[in-house]
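K.L.:
Could you have a look at this structure, given as C-alpha coordinates, before my questions?
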Amino acid sequence: MTKKSERGFAAMDEERQREIASEGGKAAHESGHAHEFDSEEAAEAGRKGGEAVSRDRQHMAEIGRKGGKAAHHRNAAFYHEAAAHHHRQAARSHEAGDEEEAERHGQEAHRHSTTAHGHSSRGFASMDEEEHREISRKGGRAAHEKGTAHEWDEEEAAEAGRRGGRATAAAAARNAGNAT
(Lines give C-alpha, C1' and ligand atoms only; values in the text may rest on other atoms or scores of the structure.)
Protein backbone atom coordinates (compact mmCIF):
# COMPACT_ATOMS: atom_id res chain seq x y z
CA MET A 1 0.00 0.00 0.00
CA THR A 2 1.43 3.37 -0.94
CA LYS A 3 1.38 6.25 1.48
CA LYS A 4 -0.27 9.47 0.38
CA SER A 5 2.02 12.44 0.25
CA GLU A 6 1.14 15.17 2.70
CA ARG A 7 -0.06 18.24 0.91
CA GLY A 8 -2.06 21.31 1.84
CA PHE A 9 -3.35 21.53 5.42
CA ALA A 10 -1.76 18.21 6.48
CA ALA A 11 1.67 19.38 5.34
CA MET A 12 1.54 22.56 7.43
CA ASP A 13 3.22 22.79 10.79
CA GLU A 14 0.99 22.60 13.88
CA GLU A 15 1.21 26.31 14.62
CA ARG A 16 -0.08 27.25 11.15
CA GLN A 17 -2.85 24.63 11.42
CA ARG A 18 -3.93 26.19 14.74
CA GLU A 19 -3.97 29.68 13.23
CA ILE A 20 -6.20 28.55 10.36
CA ALA A 21 -8.50 26.60 12.69
CA SER A 22 -8.78 29.64 14.96
CA GLU A 23 -9.67 31.88 12.02
CA GLY A 24 -12.31 29.38 10.91
CA GLY A 25 -13.79 29.24 14.40
CA LYS A 26 -13.97 33.01 14.65
CA ALA A 27 -15.61 33.26 11.21
CA ALA A 28 -18.18 30.58 12.14
CA HIS A 29 -19.11 32.44 15.33
CA GLU A 30 -19.37 35.77 13.50
CA SER A 31 -21.66 34.27 10.86
CA GLY A 32 -23.78 32.45 13.47
CA HIS A 33 -22.94 28.96 12.17
CA ALA A 34 -20.75 27.81 15.07
CA HIS A 35 -21.98 25.14 17.45
CA GLU A 36 -22.61 26.58 20.91
CA PHE A 37 -21.74 24.04 23.59
CA ASP A 38 -24.07 23.75 26.56
CA SER A 39 -22.51 23.11 29.98
CA GLU A 40 -22.93 19.30 29.72
CA GLU A 41 -21.26 19.14 26.30
CA ALA A 42 -18.45 21.42 27.48
CA ALA A 43 -17.89 19.28 30.57
CA GLU A 44 -17.78 16.10 28.45
CA ALA A 45 -15.32 17.67 25.99
CA GLY A 46 -13.14 18.81 28.89
CA ARG A 47 -13.23 15.34 30.46
CA LYS A 48 -12.21 13.70 27.17
CA GLY A 49 -9.41 16.21 26.65
CA GLY A 50 -8.20 15.70 30.20
CA GLU A 51 -8.16 11.94 29.76
CA ALA A 52 -6.16 12.23 26.55
CA VAL A 53 -3.60 14.60 28.07
CA SER A 54 -3.27 12.61 31.30
CA ARG A 55 -2.19 9.50 29.36
CA ASP A 56 1.11 11.27 28.67
CA ARG A 57 2.82 10.65 32.02
CA GLN A 58 5.92 12.66 31.14
CA HIS A 59 3.76 15.68 30.28
CA MET A 60 1.79 15.31 33.53
CA ALA A 61 5.02 15.02 35.55
CA GLU A 62 6.29 18.25 33.98
CA ILE A 63 3.02 20.03 34.80
CA GLY A 64 3.35 18.83 38.40
CA ARG A 65 6.95 20.03 38.65
CA LYS A 66 6.06 23.47 37.30
CA GLY A 67 3.08 23.77 39.65
CA GLY A 68 5.15 22.69 42.62
CA LYS A 69 7.88 25.23 41.87
CA ALA A 70 5.35 28.03 41.38
CA ALA A 71 3.55 27.21 44.64
CA HIS A 72 6.88 26.99 46.46
CA HIS A 73 7.92 30.46 45.32
CA ARG A 74 4.49 31.98 46.02
CA ASN A 75 4.60 30.56 49.55
CA ALA A 76 8.13 31.87 50.18
CA ALA A 77 7.13 35.32 48.94
CA PHE A 78 4.05 35.30 51.19
CA TYR A 79 6.04 34.42 54.30
CA HIS A 80 8.75 37.00 53.51
CA GLU A 81 6.08 39.68 53.14
CA ALA A 82 4.39 38.57 56.38
CA ALA A 83 7.75 38.72 58.20
CA ALA A 84 8.37 42.22 56.86
CA HIS A 85 4.90 43.31 58.03
CA HIS A 86 5.54 42.02 61.55
CA HIS A 87 8.98 43.67 61.65
CA ARG A 88 7.32 47.00 60.81
CA GLN A 89 4.62 46.43 63.44
CA ALA A 90 7.25 45.50 66.04
CA ALA A 91 9.14 48.73 65.31
CA ARG A 92 5.95 50.79 65.64
CA SER A 93 5.08 49.09 68.92
CA HIS A 94 8.59 49.70 70.28
CA GLU A 95 8.32 53.37 69.33
CA ALA A 96 4.93 53.57 71.07
CA GLY A 97 6.40 51.94 74.19
CA ASP A 98 4.23 48.80 73.97
CA GLU A 99 6.95 46.22 74.62
CA GLU A 100 4.55 43.28 74.92
CA GLU A 101 3.02 43.98 71.51
CA ALA A 102 6.47 44.63 70.05
CA GLU A 103 7.69 41.29 71.36
CA ARG A 104 4.64 39.49 69.95
CA HIS A 105 5.24 41.02 66.49
CA GLY A 106 8.94 40.23 66.76
CA GLN A 107 8.16 36.58 67.42
CA GLU A 108 5.70 36.48 64.51
CA ALA A 109 8.30 38.07 62.24
CA HIS A 110 10.84 35.46 63.28
CA ARG A 111 8.33 32.62 62.77
CA HIS A 112 7.36 33.85 59.29
CA SER A 113 10.98 34.43 58.35
CA THR A 114 11.94 30.92 59.47
CA THR A 115 9.05 29.45 57.47
CA ALA A 116 9.98 31.52 54.41
CA HIS A 117 13.55 30.27 54.59
CA GLY A 118 12.20 26.73 54.51
CA HIS A 119 10.49 27.63 51.22
CA SER A 120 13.50 29.25 49.63
CA SER A 121 16.74 27.62 48.62
CA ARG A 122 18.60 30.54 47.06
CA GLY A 123 20.44 33.64 48.15
CA PHE A 124 20.12 35.33 51.51
CA ALA A 125 17.02 33.29 52.41
CA SER A 126 18.95 30.03 52.22
CA MET A 127 21.68 31.19 54.63
CA ASP A 128 21.76 30.38 58.32
CA GLU A 129 21.37 33.04 61.02
CA GLU A 130 25.12 33.46 61.56
CA GLU A 131 25.60 34.25 57.85
CA HIS A 132 22.73 36.78 58.10
CA ARG A 133 24.45 38.46 61.06
CA GLU A 134 27.81 38.58 59.28
CA ILE A 135 26.30 40.15 56.16
CA SER A 136 24.37 42.64 58.33
CA ARG A 137 27.55 43.57 60.19
CA LYS A 138 29.34 44.19 56.89
CA GLY A 139 26.44 46.34 55.71
CA GLY A 140 26.55 48.34 58.92
CA ARG A 141 30.30 48.88 58.64
CA ALA A 142 29.97 49.96 55.01
CA ALA A 143 27.21 52.45 55.89
CA HIS A 144 29.39 53.93 58.64
CA GLU A 145 32.40 54.17 56.33
CA LYS A 146 30.29 55.96 53.69
CA GLY A 147 28.77 58.23 56.31
CA THR A 148 25.19 57.13 55.55
CA ALA A 149 24.57 55.25 58.81
CA HIS A 150 22.38 56.69 61.56
CA GLU A 151 24.61 57.95 64.33
CA TRP A 152 22.93 57.24 67.66
CA ASP A 153 23.34 59.73 70.41
CA GLU A 154 23.95 58.48 73.95
CA GLU A 155 20.28 58.67 74.93
CA GLU A 156 19.07 56.71 71.85
CA ALA A 157 21.69 54.03 72.39
CA ALA A 158 20.75 53.65 76.06
CA GLU A 159 17.04 53.35 75.18
CA ALA A 160 17.74 50.77 72.48
CA GLY A 161 19.82 48.77 74.95
CA ARG A 162 17.03 48.88 77.56
CA ARG A 163 14.42 47.76 75.03
CA GLY A 164 16.63 45.00 73.71
CA GLY A 165 17.38 43.82 77.24
CA ARG A 166 13.70 43.77 78.18
CA ALA A 167 12.78 41.90 75.00
CA THR A 168 15.55 39.37 75.53
CA ALA A 169 14.59 38.84 79.18
CA ALA A 170 10.92 38.41 78.23
CA ALA A 171 11.79 35.87 75.52
CA ALA A 172 14.06 33.96 77.90
CA ALA A 173 11.31 33.87 80.56
CA ARG A 174 8.79 32.56 78.01
CA ASN A 175 11.22 29.95 76.75
CA ALA A 176 11.92 28.83 80.33
CA GLY A 177 8.17 28.54 80.91
CA ASN A 178 7.75 26.49 77.72
CA ALA A 179 10.60 24.15 78.67
CA THR A 180 8.82 22.87 81.79
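Residue numbering restarts at 1 in every chain; chains get A, B, ... in the order shown in the C-alpha coordinates, and ligands count up from 1 in that same order.
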Please give the complete set of residues from chain A that DSSP, run on the backbone, assigns to alpha helix (DSSP H), formatted as a tab-separated table (two decimals) with N, CA and C atoms, in the first residue's frame.
P.N.:
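Writing done, so here's out-v8.tsv:
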```tsv
chain	number	residue	atom	x	y	z
A	14	GLU	N	2.11	22.52	12.94
A	14	GLU	CA	0.99	22.60	13.88
A	14	GLU	C	0.57	24.02	14.19
A	15	GLU	N	1.52	24.92	14.29
A	15	GLU	CA	1.21	26.31	14.62
A	15	GLU	C	0.34	26.93	13.53
A	16	ARG	N	0.71	26.70	12.26
A	16	ARG	CA	-0.08	27.25	11.15
A	16	ARG	C	-1.46	26.61	11.11
A	17	GLN	N	-1.55	25.30	11.38
A	17	GLN	CA	-2.85	24.63	11.42
A	17	GLN	C	-3.74	25.26	12.50
A	18	ARG	N	-3.16	25.56	13.67
A	18	ARG	CA	-3.93	26.19	14.74
A	18	ARG	C	-4.44	27.57	14.33
A	19	GLU	N	-3.57	28.35	13.67
A	19	GLU	CA	-3.97	29.68	13.23
A	19	GLU	C	-5.17	29.61	12.29
A	20	ILE	N	-5.11	28.69	11.33
A	20	ILE	CA	-6.20	28.55	10.36
A	20	ILE	C	-7.47	28.07	11.06
A	21	ALA	N	-7.33	27.10	11.96
A	21	ALA	CA	-8.50	26.60	12.69
A	21	ALA	C	-9.12	27.71	13.53
A	22	SER	N	-8.28	28.53	14.14
A	22	SER	CA	-8.78	29.64	14.96
A	22	SER	C	-9.55	30.64	14.10
A	23	GLU	N	-8.98	30.96	12.93
A	23	GLU	CA	-9.67	31.88	12.02
A	23	GLU	C	-11.02	31.32	11.59
A	24	GLY	N	-11.05	30.02	11.31
A	24	GLY	CA	-12.31	29.38	10.91
A	24	GLY	C	-13.34	29.42	12.04
A	25	GLY	N	-12.89	29.18	13.26
A	25	GLY	CA	-13.79	29.24	14.40
A	25	GLY	C	-14.36	30.62	14.61
A	26	LYS	N	-13.50	31.63	14.48
A	26	LYS	CA	-13.97	33.01	14.65
A	26	LYS	C	-14.99	33.37	13.57
A	27	ALA	N	-14.70	32.96	12.32
A	27	ALA	CA	-15.61	33.26	11.21
A	27	ALA	C	-16.96	32.56	11.42
A	28	ALA	N	-16.93	31.31	11.90
A	28	ALA	CA	-18.18	30.58	12.14
A	28	ALA	C	-19.02	31.26	13.21
A	29	HIS	N	-18.38	31.74	14.27
A	29	HIS	CA	-19.11	32.44	15.33
A	29	HIS	C	-19.69	33.75	14.81
A	30	GLU	N	-18.90	34.49	14.02
A	30	GLU	CA	-19.37	35.77	13.50
A	30	GLU	C	-20.57	35.59	12.56
A	31	SER	N	-20.56	34.50	11.80
A	31	SER	CA	-21.66	34.27	10.86
A	31	SER	C	-22.84	33.56	11.50
A	39	SER	N	-23.45	23.45	28.92
A	39	SER	CA	-22.51	23.11	29.98
A	39	SER	C	-22.20	21.62	30.03
A	40	GLU	N	-23.19	20.76	29.71
A	40	GLU	CA	-22.93	19.30	29.72
A	40	GLU	C	-21.95	18.91	28.62
A	41	GLU	N	-22.16	19.45	27.41
A	41	GLU	CA	-21.26	19.14	26.30
A	41	GLU	C	-19.85	19.65	26.58
A	42	ALA	N	-19.76	20.84	27.16
A	42	ALA	CA	-18.45	21.42	27.48
A	42	ALA	C	-17.73	20.57	28.52
A	43	ALA	N	-18.49	20.11	29.53
A	43	ALA	CA	-17.89	19.28	30.57
A	43	ALA	C	-17.38	17.97	29.97
A	44	GLU	N	-18.18	17.37	29.09
A	44	GLU	CA	-17.78	16.10	28.45
A	44	GLU	C	-16.53	16.30	27.58
A	45	ALA	N	-16.50	17.39	26.83
A	45	ALA	CA	-15.32	17.67	25.99
A	45	ALA	C	-14.09	17.88	26.88
A	46	GLY	N	-14.26	18.59	27.97
A	46	GLY	CA	-13.14	18.81	28.89
A	46	GLY	C	-12.66	17.51	29.50
A	47	ARG	N	-13.60	16.65	29.87
A	47	ARG	CA	-13.23	15.34	30.46
A	47	ARG	C	-12.43	14.52	29.45
A	48	LYS	N	-12.91	14.47	28.21
A	48	LYS	CA	-12.21	13.70	27.17
A	48	LYS	C	-10.81	14.26	26.92
A	49	GLY	N	-10.72	15.58	26.85
A	49	GLY	CA	-9.41	16.21	26.65
A	49	GLY	C	-8.47	15.92	27.80
A	50	GLY	N	-9.00	16.00	29.02
A	50	GLY	CA	-8.20	15.70	30.20
A	50	GLY	C	-7.70	14.28	30.22
A	51	GLU	N	-8.58	13.34	29.81
A	51	GLU	CA	-8.16	11.94	29.76
A	51	GLU	C	-7.04	11.75	28.75
A	52	ALA	N	-7.18	12.38	27.59
A	52	ALA	CA	-6.16	12.23	26.55
A	52	ALA	C	-4.83	12.79	27.01
A	53	VAL	N	-4.84	13.97	27.62
A	53	VAL	CA	-3.60	14.60	28.07
A	53	VAL	C	-2.98	13.81	29.21
A	54	SER	N	-3.81	13.29	30.12
A	54	SER	CA	-3.27	12.61	31.30
A	54	SER	C	-2.64	11.27	30.96
A	57	ARG	N	2.31	10.53	30.66
A	57	ARG	CA	2.82	10.65	32.02
A	57	ARG	C	3.97	11.66	32.12
A	58	GLN	N	4.80	11.71	31.11
A	58	GLN	CA	5.92	12.66	31.14
A	58	GLN	C	5.39	14.10	31.15
A	59	HIS	N	4.37	14.35	30.32
A	59	HIS	CA	3.76	15.68	30.28
A	59	HIS	C	3.14	16.02	31.63
A	60	MET	N	2.44	15.07	32.24
A	60	MET	CA	1.79	15.31	33.53
A	60	MET	C	2.85	15.56	34.62
A	61	ALA	N	3.95	14.82	34.56
A	61	ALA	CA	5.02	15.02	35.55
A	61	ALA	C	5.60	16.43	35.42
A	62	GLU	N	5.77	16.90	34.19
A	62	GLU	CA	6.29	18.25	33.98
A	62	GLU	C	5.32	19.30	34.50
A	63	ILE	N	4.03	19.10	34.27
A	63	ILE	CA	3.02	20.03	34.80
A	63	ILE	C	3.11	20.06	36.33
A	64	GLY	N	3.23	18.90	36.95
A	64	GLY	CA	3.35	18.83	38.40
A	64	GLY	C	4.58	19.54	38.92
A	65	ARG	N	5.71	19.36	38.24
A	65	ARG	CA	6.95	20.03	38.65
A	65	ARG	C	6.79	21.55	38.58
A	66	LYS	N	6.24	22.03	37.47
A	66	LYS	CA	6.06	23.47	37.30
A	66	LYS	C	5.11	24.03	38.37
A	67	GLY	N	4.04	23.32	38.63
A	67	GLY	CA	3.08	23.77	39.65
A	67	GLY	C	3.71	23.78	41.02
A	68	GLY	N	4.49	22.76	41.33
A	68	GLY	CA	5.15	22.69	42.62
A	68	GLY	C	6.14	23.83	42.82
A	69	LYS	N	6.91	24.13	41.78
A	69	LYS	CA	7.88	25.23	41.87
A	69	LYS	C	7.16	26.56	42.05
A	70	ALA	N	6.09	26.77	41.29
A	70	ALA	CA	5.35	28.03	41.38
A	70	ALA	C	4.76	28.20	42.78
A	71	ALA	N	4.15	27.13	43.30
A	71	ALA	CA	3.55	27.21	44.64
A	71	ALA	C	4.62	27.47	45.68
A	72	HIS	N	5.77	26.82	45.52
A	72	HIS	CA	6.88	26.99	46.46
A	72	HIS	C	7.31	28.46	46.52
A	73	HIS	N	7.47	29.07	45.36
A	73	HIS	CA	7.92	30.46	45.32
A	73	HIS	C	6.84	31.42	45.81
A	74	ARG	N	5.57	31.12	45.50
A	74	ARG	CA	4.49	31.98	46.02
A	74	ARG	C	4.46	31.91	47.54
A	75	ASN	N	4.62	30.71	48.09
A	75	ASN	CA	4.60	30.56	49.55
A	75	ASN	C	5.77	31.31	50.18
A	76	ALA	N	6.96	31.17	49.62
A	76	ALA	CA	8.13	31.87	50.18
A	76	ALA	C	7.90	33.37	50.15
A	77	ALA	N	7.38	33.88	49.05
A	77	ALA	CA	7.13	35.32	48.94
A	77	ALA	C	6.10	35.77	49.99
A	78	PHE	N	5.07	34.97	50.18
A	78	PHE	CA	4.05	35.30	51.19
A	78	PHE	C	4.67	35.41	52.57
A	79	TYR	N	5.46	34.41	52.96
A	79	TYR	CA	6.04	34.42	54.30
A	79	TYR	C	7.07	35.54	54.48
A	80	HIS	N	7.82	35.88	53.42
A	80	HIS	CA	8.75	37.00	53.51
A	80	HIS	C	7.98	38.30	53.73
A	81	GLU	N	6.89	38.47	52.99
A	81	GLU	CA	6.08	39.68	53.14
A	81	GLU	C	5.45	39.74	54.54
A	82	ALA	N	4.97	38.60	55.03
A	82	ALA	CA	4.39	38.57	56.38
A	82	ALA	C	5.45	38.92	57.43
A	83	ALA	N	6.66	38.40	57.25
A	83	ALA	CA	7.75	38.72	58.20
A	83	ALA	C	8.05	40.20	58.17
A	84	ALA	N	8.10	40.79	56.98
A	84	ALA	CA	8.37	42.22	56.86
A	84	ALA	C	7.27	43.04	57.55
A	85	HIS	N	6.02	42.62	57.37
A	85	HIS	CA	4.90	43.31	58.03
A	85	HIS	C	5.09	43.30	59.55
A	86	HIS	N	5.40	42.13	60.10
A	86	HIS	CA	5.54	42.02	61.55
A	86	HIS	C	6.77	42.78	62.06
A	87	HIS	N	7.83	42.84	61.26
A	87	HIS	CA	8.98	43.67	61.65
A	87	HIS	C	8.55	45.14	61.76
A	88	ARG	N	7.79	45.61	60.77
A	88	ARG	CA	7.32	47.00	60.81
A	88	ARG	C	6.43	47.24	62.03
A	89	GLN	N	5.52	46.28	62.30
A	89	GLN	CA	4.62	46.43	63.44
A	89	GLN	C	5.40	46.40	64.75
A	90	ALA	N	6.42	45.56	64.83
A	90	ALA	CA	7.25	45.50	66.04
A	90	ALA	C	7.94	46.85	66.26
A	91	ALA	N	8.47	47.43	65.19
A	91	ALA	CA	9.14	48.73	65.31
A	91	ALA	C	8.16	49.80	65.78
A	92	ARG	N	6.96	49.80	65.22
A	92	ARG	CA	5.95	50.79	65.64
A	92	ARG	C	5.59	50.61	67.10
A	93	SER	N	5.43	49.36	67.53
A	93	SER	CA	5.08	49.09	68.92
A	93	SER	C	6.19	49.52	69.86
A	94	HIS	N	7.45	49.25	69.47
A	94	HIS	CA	8.59	49.70	70.28
A	94	HIS	C	8.55	51.22	70.42
A	95	GLU	N	8.35	51.91	69.31
A	95	GLU	CA	8.32	53.37	69.33
A	95	GLU	C	7.19	53.88	70.22
A	96	ALA	N	6.07	53.15	70.25
A	96	ALA	CA	4.93	53.57	71.07
A	96	ALA	C	5.09	53.15	72.53
A	99	GLU	N	5.94	47.28	74.76
A	99	GLU	CA	6.95	46.22	74.62
A	99	GLU	C	6.32	44.84	74.42
A	100	GLU	N	5.20	44.59	75.06
A	100	GLU	CA	4.55	43.28	74.92
A	100	GLU	C	4.10	43.05	73.49
A	101	GLU	N	3.47	44.07	72.91
A	101	GLU	CA	3.02	43.98	71.51
A	101	GLU	C	4.23	43.91	70.57
A	102	ALA	N	5.26	44.66	70.88
A	102	ALA	CA	6.47	44.63	70.05
A	102	ALA	C	7.09	43.23	70.08
A	103	GLU	N	7.13	42.63	71.24
A	103	GLU	CA	7.69	41.29	71.36
A	103	GLU	C	6.85	40.27	70.57
A	104	ARG	N	5.53	40.42	70.68
A	104	ARG	CA	4.64	39.49	69.95
A	104	ARG	C	4.89	39.60	68.44
A	105	HIS	N	4.97	40.84	67.93
A	105	HIS	CA	5.24	41.02	66.49
A	105	HIS	C	6.64	40.53	66.13
A	106	GLY	N	7.59	40.73	67.02
A	106	GLY	CA	8.94	40.23	66.76
A	106	GLY	C	8.97	38.72	66.62
A	107	GLN	N	8.22	38.04	67.49
A	107	GLN	CA	8.16	36.58	67.42
A	107	GLN	C	7.47	36.13	66.13
A	108	GLU	N	6.39	36.82	65.76
A	108	GLU	CA	5.70	36.48	64.51
A	108	GLU	C	6.61	36.70	63.30
A	109	ALA	N	7.36	37.80	63.33
A	109	ALA	CA	8.30	38.07	62.24
A	109	ALA	C	9.33	36.95	62.13
A	110	HIS	N	9.85	36.53	63.27
A	110	HIS	CA	10.84	35.46	63.28
A	110	HIS	C	10.22	34.15	62.76
A	111	ARG	N	9.01	33.86	63.20
A	111	ARG	CA	8.33	32.62	62.77
A	111	ARG	C	8.11	32.63	61.26
A	112	HIS	N	7.60	33.76	60.73
A	112	HIS	CA	7.36	33.85	59.29
A	112	HIS	C	8.67	33.79	58.51
A	113	SER	N	9.69	34.44	59.02
A	113	SER	CA	10.98	34.43	58.35
A	113	SER	C	11.56	33.02	58.30
A	114	THR	N	11.45	32.30	59.42
A	114	THR	CA	11.94	30.92	59.47
A	114	THR	C	11.18	30.05	58.47
A	115	THR	N	9.87	30.23	58.42
A	115	THR	CA	9.05	29.45	57.47
A	115	THR	C	9.43	29.80	56.04
A	116	ALA	N	9.61	31.09	55.77
A	116	ALA	CA	9.98	31.52	54.41
A	116	ALA	C	11.30	30.90	54.00
A	117	HIS	N	12.24	30.85	54.92
A	117	HIS	CA	13.55	30.27	54.59
A	117	HIS	C	13.41	28.80	54.25
A	118	GLY	N	12.45	28.13	54.85
A	118	GLY	CA	12.20	26.73	54.51
A	118	GLY	C	11.64	26.57	53.11
A	119	HIS	N	11.08	27.67	52.55
A	119	HIS	CA	10.49	27.63	51.22
A	119	HIS	C	11.45	28.17	50.17
A	129	GLU	N	21.42	31.77	60.29
A	129	GLU	CA	21.37	33.04	61.02
A	129	GLU	C	22.74	33.68	61.20
A	130	GLU	N	23.78	32.89	61.38
A	130	GLU	CA	25.12	33.46	61.56
A	130	GLU	C	25.57	34.17	60.28
A	131	GLU	N	25.26	33.58	59.12
A	131	GLU	CA	25.60	34.25	57.85
A	131	GLU	C	24.81	35.56	57.72
A	132	HIS	N	23.53	35.54	58.12
A	132	HIS	CA	22.73	36.78	58.10
A	132	HIS	C	23.40	37.86	58.94
A	133	ARG	N	23.81	37.48	60.16
A	133	ARG	CA	24.45	38.46	61.06
A	133	ARG	C	25.73	39.02	60.45
A	134	GLU	N	26.54	38.14	59.87
A	134	GLU	CA	27.81	38.58	59.28
A	134	GLU	C	27.57	39.56	58.13
A	135	ILE	N	26.62	39.25	57.28
A	135	ILE	CA	26.30	40.15	56.16
A	135	ILE	C	25.76	41.47	56.70
A	136	SER	N	24.91	41.41	57.72
A	136	SER	CA	24.37	42.64	58.33
A	136	SER	C	25.47	43.48	58.94
A	137	ARG	N	26.42	42.82	59.61
A	137	ARG	CA	27.55	43.57	60.19
A	137	ARG	C	28.34	44.28	59.09
A	138	LYS	N	28.59	43.58	57.99
A	138	LYS	CA	29.34	44.19	56.89
A	138	LYS	C	28.58	45.38	56.31
A	139	GLY	N	27.25	45.23	56.20
A	139	GLY	CA	26.44	46.34	55.71
A	139	GLY	C	26.49	47.53	56.64
A	140	GLY	N	26.45	47.26	57.93
A	140	GLY	CA	26.55	48.34	58.92
A	140	GLY	C	27.89	49.06	58.84
A	141	ARG	N	28.98	48.28	58.75
A	141	ARG	CA	30.30	48.88	58.64
A	141	ARG	C	30.41	49.75	57.39
A	142	ALA	N	29.89	49.21	56.27
A	142	ALA	CA	29.97	49.96	55.01
A	142	ALA	C	29.19	51.26	55.10
A	143	ALA	N	28.01	51.23	55.74
A	143	ALA	CA	27.21	52.45	55.89
A	143	ALA	C	27.94	53.47	56.75
A	144	HIS	N	28.62	53.01	57.79
A	144	HIS	CA	29.39	53.93	58.64
A	144	HIS	C	30.57	54.51	57.87
A	145	GLU	N	31.25	53.69	57.10
A	145	GLU	CA	32.40	54.17	56.33
A	145	GLU	C	31.98	55.20	55.29
A	146	LYS	N	30.79	55.00	54.69
A	146	LYS	CA	30.29	55.96	53.69
A	146	LYS	C	29.69	57.19	54.33
A	154	GLU	N	23.85	59.29	72.73
A	154	GLU	CA	23.95	58.48	73.95
A	154	GLU	C	22.58	58.05	74.47
A	155	GLU	N	21.62	58.96	74.42
A	155	GLU	CA	20.28	58.67	74.93
A	155	GLU	C	19.58	57.59	74.08
A	156	GLU	N	19.68	57.71	72.74
A	156	GLU	CA	19.07	56.71	71.85
A	156	GLU	C	19.69	55.34	72.07
A	157	ALA	N	21.00	55.30	72.19
A	157	ALA	CA	21.69	54.03	72.39
A	157	ALA	C	21.27	53.38	73.71
A	158	ALA	N	21.16	54.18	74.76
A	158	ALA	CA	20.75	53.65	76.06
A	158	ALA	C	19.33	53.09	75.99
A	159	GLU	N	18.43	53.81	75.32
A	159	GLU	CA	17.04	53.35	75.18
A	159	GLU	C	16.97	52.06	74.36
A	160	ALA	N	17.72	52.00	73.29
A	160	ALA	CA	17.74	50.77	72.48
A	160	ALA	C	18.26	49.60	73.30
A	161	GLY	N	19.28	49.83	74.09
A	161	GLY	CA	19.82	48.77	74.95
A	161	GLY	C	18.79	48.30	75.97
A	162	ARG	N	18.07	49.25	76.58
A	162	ARG	CA	17.03	48.88	77.56
A	162	ARG	C	15.94	48.04	76.89
A	163	ARG	N	15.47	48.50	75.74
A	163	ARG	CA	14.42	47.76	75.03
A	163	ARG	C	14.89	46.37	74.63
A	164	GLY	N	16.09	46.30	74.10
A	164	GLY	CA	16.63	45.00	73.71
A	164	GLY	C	16.78	44.07	74.91
A	165	GLY	N	17.24	44.63	76.02
A	165	GLY	CA	17.38	43.82	77.24
A	165	GLY	C	16.05	43.31	77.74
A	166	ARG	N	15.03	44.20	77.74
A	166	ARG	CA	13.70	43.77	78.18
A	166	ARG	C	13.14	42.69	77.26
A	167	ALA	N	13.29	42.87	75.96
A	167	ALA	CA	12.78	41.90	75.00
A	167	ALA	C	13.48	40.56	75.16
A	168	THR	N	14.79	40.60	75.35
A	168	THR	CA	15.55	39.37	75.53
A	168	THR	C	15.15	38.67	76.81
A	169	ALA	N	14.99	39.43	77.89
A	169	ALA	CA	14.59	38.84	79.18
A	169	ALA	C	13.20	38.24	79.07
A	170	ALA	N	12.28	38.93	78.38
A	170	ALA	CA	10.92	38.41	78.23
A	170	ALA	C	10.92	37.12	77.41
A	171	ALA	N	11.71	37.09	76.34
A	171	ALA	CA	11.79	35.87	75.52
A	171	ALA	C	12.39	34.72	76.32
A	172	ALA	N	13.43	35.00	77.11
A	172	ALA	CA	14.06	33.96	77.90
A	172	ALA	C	13.09	33.42	78.95
A	173	ALA	N	12.29	34.30	79.57
A	173	ALA	CA	11.31	33.87	80.56
A	173	ALA	C	10.25	32.99	79.91
A	174	ARG	N	9.80	33.38	78.72
A	174	ARG	CA	8.79	32.56	78.01
A	174	ARG	C	9.36	31.21	77.64
A	175	ASN	N	10.58	31.21	77.12
A	175	ASN	CA	11.22	29.95	76.75
A	175	ASN	C	11.41	29.05	77.96
A	176	ALA	N	11.77	29.63	79.11
A	176	ALA	CA	11.92	28.83	80.33
A	176	ALA	C	10.59	28.25	80.75
A	177	GLY	N	9.50	29.03	80.58
A	177	GLY	CA	8.17	28.54	80.91
A	177	GLY	C	7.70	27.45	79.97
A	178	ASN	N	8.13	27.51	78.71
A	178	ASN	CA	7.75	26.49	77.72
A	178	ASN	C	8.55	25.22	77.91
A	179	ALA	N	9.72	25.30	78.52
A	179	ALA	CA	10.60	24.15	78.67
A	179	ALA	C	10.13	23.22	79.78
```
K.L.:
If I take CA of Ala10 in chain A and CA of Asp56 in chain A, how far is one from the other in Å, to one decimal?
P.N.:
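Separating CA of Ala10 in chain A from CA of Asp56 in chain A is a distance of 23.4 Å.
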